[in-house]
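All remarks here apply to the structure that follows.
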2 protein chains.
Amino acid sequence: MKKTVLIYGLALALLVFLLEYFEYRFFIREMSSELFVFIIALTFTGLGLWVGKKLTNQTKIESPPFEQNEKAIRYLKISERELEVLELVAEGLSNKQISEKLFVSVNTTKTHLSHLYEKLEVKRRTQAVEKAKSLKLIE
Amino acid sequence: MKKTVLIYGLALALLVFLLEYFEYRFFIREMSSELFVFIIALTFTGLGLWVGKKLTNQTKIESPPFEQNEKAIRYLKISERELEVLELVAEGLSNKQISEKLFVSVNTTKTHLSHLYEKLEVKRRTQAVEKAKSLKLIE
DNA sequence: ATCAAAATCATACTTTCGGGTGATTCTCTA
DNA sequence: TAGAGAATCACCCGAAAGTATGATTTTGAT
């Protein structure tokens with residue numbers, strides 16, 4: 001990162017220096033103004049591309065961070081509690097285990113699940129997990 | 001992609017045109033040569049970065065290719081048929097649906113599943129799917 | 001040809017899920 | 001403060017899932 005910026009700065013400085021040194025007015029007389037601008041433009045487009053590649057490579061190779069699709073959650077009108085249940089289902093817990101974790105009765109868990117199935121338009125918990133993951137509702 | 005290149009081309013053409021139109025020699029007299037080069041360079045570095053971002057975003061979002069962990073499958077002694085069942089379970093199918101797809105009885109499917117649960121050391125289909133995915137047995 | 005593993009199926013039984021219905025309490029907002 | 005939505009719980013019933021045990025058939029390797 002720092003290295004990339006440094007190299008970029010050096011390249012920039014070098015170009016300016018060279019132009020100055022060789023009296024760039026001389027070049028201008030030799031080539032058309034369009035060509036001159038073109039060369040500068042292409043050079044620095046290349047540099048920009050290169051810098052961009054360096055920068056993105058360093059941020060993208062890392063872990064692909066999970067970002068929850070909150071829009072979808074809102075759109076599907078899935079409540080906080082329902083989402084909690086969904087996450088636990090995705091971990092493979094049984095209704096009973098989920099109920100114990102959340103300190104509610106099994107019936108409550110079942111109700112939440114029923115609502116989830118409706119909203120996700122599925123029939124089974126496995127399908128719910130699949131859909132929820134594909135919609136990025138859960139990790 | 002095409003759009004990106006098009007916009008880049010247009011920006012380039014526009015700049016050249018403007019410089020020509022306003023007799024850019026006039027500018028040069030007003031500002032130092034370093035400054036002139038600087039502005040061009042910065043402009044096209046920015047363009048390069050932008051183009052780079054567009055391009056990488058389109059190539060990087062692609063799919064990270066799935067490669068099955070065959071070693072683990074062999075180590076766990078999971079048979080072909082069992083793996084098939086596992087994949088269908090992961091798609092959210094019921095035992096009945098799986099049985100129909102594989103042209104076997106529900107009992108057979110259940111037997112395969114029992115064996116899978118043993119080998120994966122889990123109790124439920126949801127956990128089996130979770131574990132199988134984390135072990136890269138299935139996609 | 002024999003042996004072992006895998007695949008198939010069955011029967012019986014228990015547990016878990018899921019659907020349907022209805023009720024109560026809480027909380028937030030118009 | 002009235003009303004809507006969320007969370008809680010209960011009861012019932014049928015369907016699906018999972019367990020246990022045992023049996024037969026296929027298949028591949030020795």
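Order determines the names: the first chain of the structure tokens is A, the second B, and so forth; residues in each chain are numbered 1 upward, and ligands are numbered 1 upward as they are shown.
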
Taking only residues of chain D that have an atom at most 9 Å from an atom of chain B, what is each one's shortest atom pair and its distance in Å to one decimal, using only C-alpha atoms (C1' of nucleotides), in chain and number order, as a tab-separated table?
residue	atom	partner	partner_atom	distance
D:DA16	C1'	B:Ser94	CA	7.9
D:DA17	C1'	B:Asn95	CA	8.1
D:DG18	C1'	B:Ser114	CA	7.7
D:DT19	C1'	B:Ser114	CA	8.4

Pick out the residues sitting within 12 Å of DG22 in chain D, and hand them over as a CSV table (one decimal) with C-alpha atoms (C1' of nucleotides), in the first residue's frame; count only C-alpha atoms (C1' of nucleotides), and ignore anything fewer than 4 positions along from it in its own chain.
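In the end it all went to out25.csv:
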chain,number,residue,atom,x,y,z
C,9,DC,C1',-36.0,-52.9,1.5
C,10,DA,C1',-39.1,-54.0,5.5
C,11,DT,C1',-41.4,-53.6,10.0
C,12,DA,C1',-42.0,-51.4,14.2

Pick from B:Arg74, B:Glu84, B:His112, B:Pro64, whichever lies nearest to chain C using only C-alpha atoms (C1' of nucleotides) =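 So, comparing all the options, the nearest one is B:His112.
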
So which residues touch DA10 in chain D within 12 Å, counting only C-alpha atoms (C1' of nucleotides), skipping near sequence neighbours fewer than 2 positions away, as a list in words?
->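 Here the qualifying residues turn out to be Ser105, Val106, Asn107, Thr108, Lys110 and Thr111 of chain A; DT21, DG22, DA23 and DT24 of chain C; DT8 and DC12 of chain D.
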
Do me a favour and pick out the residues of chain C within 10 Å of chain A, using only C-alpha atoms (C1' of nucleotides), as a list in words.
-> DT16, DC17, DG18 and DG19 of chain C

Contact residues around DA4 in chain D with only C-alpha atoms (C1' of nucleotides) at 12 Å, ignoring same-chain residues under 4 positions, as a PyMOL selection string = chain C and resi 27-30

Now that the selection is made, can you save its residues with C-alpha atoms (C1' of nucleotides) as a tab-separated table (two decimals), in the first residue's frame?
chain	number	residue	atom	x	y	z
C	27	DT	C1'	-44.76	-2.09	22.57
C	28	DC	C1'	-44.83	1.41	19.38
C	29	DT	C1'	-47.16	4.64	16.63
C	30	DA	C1'	-50.86	7.47	14.56

Have a look at B:Gly92, B:Val122, B:Leu137, B:Leu42 and name the one nearest to chain A; count only C-alpha atoms.
->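 With only C-alpha atoms as the atom set, the closest residue is B:Gly92.
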
Counting only C-alpha atoms, the residue of A:Glu121, A:Glu70, A:Glu91, A:Glu139 that sits nearest chain B =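 Closest to chain B, using only C-alpha atoms: A:Glu91.
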
Give the answer as one residue: which of B:Lys136, B:Lys119, B:Lys131, B:Arg81 has the shortest atom-to-atom distance to Glu67 in chain B, using only C-alpha atoms?
->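 When distances to Glu67 in chain B are compared using only C-alpha atoms, the smallest one comes from B:Lys136.
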
Between C1' of DA7 in chain D and CA of His115 in chain A - distance in Å to one decimal |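 Here the two named atoms are 12.0 Å from each other.
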
Work out how far apart CA of Gln97 in chain A and CA of Ile78 in chain B are and give it in Å to one decimal.
-> 28.1 Å

Distance C1' of DT26 in chain D-CA of Glu87 in chain B, one decimal place?
->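 These two atoms are separated by 23.5 Å.
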
Select, from B:Asn69, B:Thr109, B:Ser79, B:Ser134, the residue with the minimum atom-to-atom distance to chain A, counting only C-alpha atoms.
->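 Closest to chain A of all the choices is B:Ser134.
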